[in-house]
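Structure first, commentary second.
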Amino acid sequence: MRKVRYVLGLTLLMAASLYLLPALHASDNPVADSPEVSDLLTQAKTHALQLRNDSDTMRGFATSRVSWQSHAEQIETIKGHVNNLGKVLQKMSDRHPYASPWQQGAIDRVTPLARELASNIEATIEHINNNHSRLHLPEYKDYLSANYELSASLSELISDYVKYGKSKANYERLGSELEAPGH
């Protein structure tokens, strides 16, 4: 009986070791940042900045007397930026399995916010198409404010991830220089 417990205990210990070995090995060899994902984040940042600026311009339309056609043209410009951002985010999503953990987190956090913005843009387009003469209503102004707020949040989030990636790369470069033989 004692021998059975010993063998069972040893078997469980070996199984636990085999289970934990990959995790321990992974902590010694972290996944490197994907240069492609970093580049895509930089591209996404550019699109998000354009979105924020154009959404801010359109938000100003709510207090001015521009034609509904001007609203329609501006929202189409914004829609183009959203579509371009969506293409970049799709490429990032395709690279998700090859991204480092922080890059995966960036993809996972940015994507839902971009989807929410795209949904708001579609609602704004629908409002413009169905209410040409009602672009002064509070509901429409709320759309414009929400579009700006979402685009500003998205731009800030992506910019923060890009800054983090650059700082991390610089930190790692400096660390390897300090550890280099002869220095």
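Labels for the structure tokens follow display order: chains A, B, ..., residues from 1 in each chain, ligands from 1.
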Against segment 50-69 of chain A, which residues of segment 75-176 of chain A fall within 10 Å? For each one I want the closest pair of atoms and the distance in Å (one decimal), counting only C-alpha atoms, rows by chain and increasing residue number, as JSON lines.
```
{"residue": "A:Ile75", "atom": "CA", "partner": "A:Met58", "partner_atom": "CA", "distance": 7.6}
{"residue": "A:Thr77", "atom": "CA", "partner": "A:Asp54", "partner_atom": "CA", "distance": 7.8}
{"residue": "A:Ile78", "atom": "CA", "partner": "A:Leu51", "partner_atom": "CA", "distance": 6.0}
{"residue": "A:Lys79", "atom": "CA", "partner": "A:Leu51", "partner_atom": "CA", "distance": 8.8}
{"residue": "A:Gly80", "atom": "CA", "partner": "A:Leu51", "partner_atom": "CA", "distance": 9.2}
{"residue": "A:His81", "atom": "CA", "partner": "A:Leu51", "partner_atom": "CA", "distance": 6.1}
{"residue": "A:Val82", "atom": "CA", "partner": "A:Leu51", "partner_atom": "CA", "distance": 7.2}
{"residue": "A:Leu85", "atom": "CA", "partner": "A:Leu51", "partner_atom": "CA", "distance": 9.2}
{"residue": "A:Leu117", "atom": "CA", "partner": "A:Leu51", "partner_atom": "CA", "distance": 9.9}
{"residue": "A:Ile121", "atom": "CA", "partner": "A:Ser55", "partner_atom": "CA", "distance": 9.8}
{"residue": "A:Ile128", "atom": "CA", "partner": "A:Trp68", "partner_atom": "CA", "distance": 7.2}
{"residue": "A:Asn129", "atom": "CA", "partner": "A:Trp68", "partner_atom": "CA", "distance": 9.0}
{"residue": "A:Asn131", "atom": "CA", "partner": "A:Trp68", "partner_atom": "CA", "distance": 9.0}
{"residue": "A:His132", "atom": "CA", "partner": "A:Trp68", "partner_atom": "CA", "distance": 5.7}
{"residue": "A:Ser133", "atom": "CA", "partner": "A:Trp68", "partner_atom": "CA", "distance": 7.4}
{"residue": "A:Arg134", "atom": "CA", "partner": "A:Trp68", "partner_atom": "CA", "distance": 9.0}
{"residue": "A:Leu135", "atom": "CA", "partner": "A:Ala62", "partner_atom": "CA", "distance": 7.3}
{"residue": "A:His136", "atom": "CA", "partner": "A:Ala62", "partner_atom": "CA", "distance": 6.4}
{"residue": "A:Leu137", "atom": "CA", "partner": "A:Ala62", "partner_atom": "CA", "distance": 8.8}
{"residue": "A:Pro138", "atom": "CA", "partner": "A:Ala62", "partner_atom": "CA", "distance": 9.2}
{"residue": "A:Tyr140", "atom": "CA", "partner": "A:Ala62", "partner_atom": "CA", "distance": 8.0}
{"residue": "A:Lys141", "atom": "CA", "partner": "A:Ala62", "partner_atom": "CA", "distance": 5.9}
{"residue": "A:Asp142", "atom": "CA", "partner": "A:Arg59", "partner_atom": "CA", "distance": 9.3}
{"residue": "A:Tyr143", "atom": "CA", "partner": "A:Arg59", "partner_atom": "CA", "distance": 8.8}
{"residue": "A:Leu144", "atom": "CA", "partner": "A:Arg59", "partner_atom": "CA", "distance": 5.1}
{"residue": "A:Ser145", "atom": "CA", "partner": "A:Arg59", "partner_atom": "CA", "distance": 6.1}
{"residue": "A:Ala146", "atom": "CA", "partner": "A:Arg59", "partner_atom": "CA", "distance": 9.2}
{"residue": "A:Asn147", "atom": "CA", "partner": "A:Ser55", "partner_atom": "CA", "distance": 6.2}
{"residue": "A:Tyr148", "atom": "CA", "partner": "A:Ser55", "partner_atom": "CA", "distance": 4.9}
{"residue": "A:Glu149", "atom": "CA", "partner": "A:Arg52", "partner_atom": "CA", "distance": 8.2}
{"residue": "A:Leu150", "atom": "CA", "partner": "A:Arg52", "partner_atom": "CA", "distance": 8.3}
{"residue": "A:Ser151", "atom": "CA", "partner": "A:Arg52", "partner_atom": "CA", "distance": 4.8}
{"residue": "A:Ala152", "atom": "CA", "partner": "A:Arg52", "partner_atom": "CA", "distance": 5.2}
{"residue": "A:Ser153", "atom": "CA", "partner": "A:Arg52", "partner_atom": "CA", "distance": 8.7}
{"residue": "A:Leu154", "atom": "CA", "partner": "A:Arg52", "partner_atom": "CA", "distance": 8.4}
{"residue": "A:Ser155", "atom": "CA", "partner": "A:Arg52", "partner_atom": "CA", "distance": 6.8}
{"residue": "A:Glu156", "atom": "CA", "partner": "A:Arg52", "partner_atom": "CA", "distance": 9.5}
```
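With only C-alpha atoms as the basis for measurement, A:Leu41 is the residue among A:Ala72, A:Ala48, A:Val31, A:Leu41 that approaches Lys166 of chain A most closely.
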*Measure the distance from atom CA of Thr111 of chain A to atom CA of Ala44 of chain A in Å and round it to one decimal.*
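A separation of 10.7 Å between them.
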*One decimal, Å: what's the distance from atom CA of Asp160 of chain A over to atom CA of Ala106 of chain A, could you say?*
9.6 Å
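Closest approach to Ile158 of chain A among A:Ile107, A:Ala118, A:Ala99, A:Leu174: A:Ile107, based on only C-alpha atoms.
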*asked:* Counting only C-alpha atoms, which residue out of A:Asn130, A:Ser38, A:Asn120, A:Ser70 sits closest to Met92 of chain A?
replied: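 Once distances to Met92 of chain A are computed over only C-alpha atoms, the minimum belongs to A:Ser38.
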*Would you give me, as a ChimeraX atom specification, the residues in segment 17-173 of chain A that DSSP reads as alpha helix (DSSP H)?*
/A:17-28,35-61,68-94,101-130,138-173
*asked:* Restricting the calculation to only C-alpha atoms: of A:Glu116, A:Arg173, A:Glu73, A:Ser159, which residue gets closest to His47 of chain A?
replied: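 Closest candidate: A:Ser159.
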_When you count only C-alpha atoms, which of these residues is closest to Leu89 of chain A: A:Asp39, A:Glu172, A:Glu179, A:Glu122?_
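Nearest to Leu89 of chain A: A:Asp39.
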*Distance of atom CA of Ser119 of chain A from atom CA of Trp102 of chain A, expressed in Å to one decimal place*: 26.3 Å
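The nearest approach to Asn84 of chain A among the residues A:Pro97, A:Glu36, A:Gln43, A:Gln104, with only C-alpha atoms taken into account, belongs to A:Gln43.
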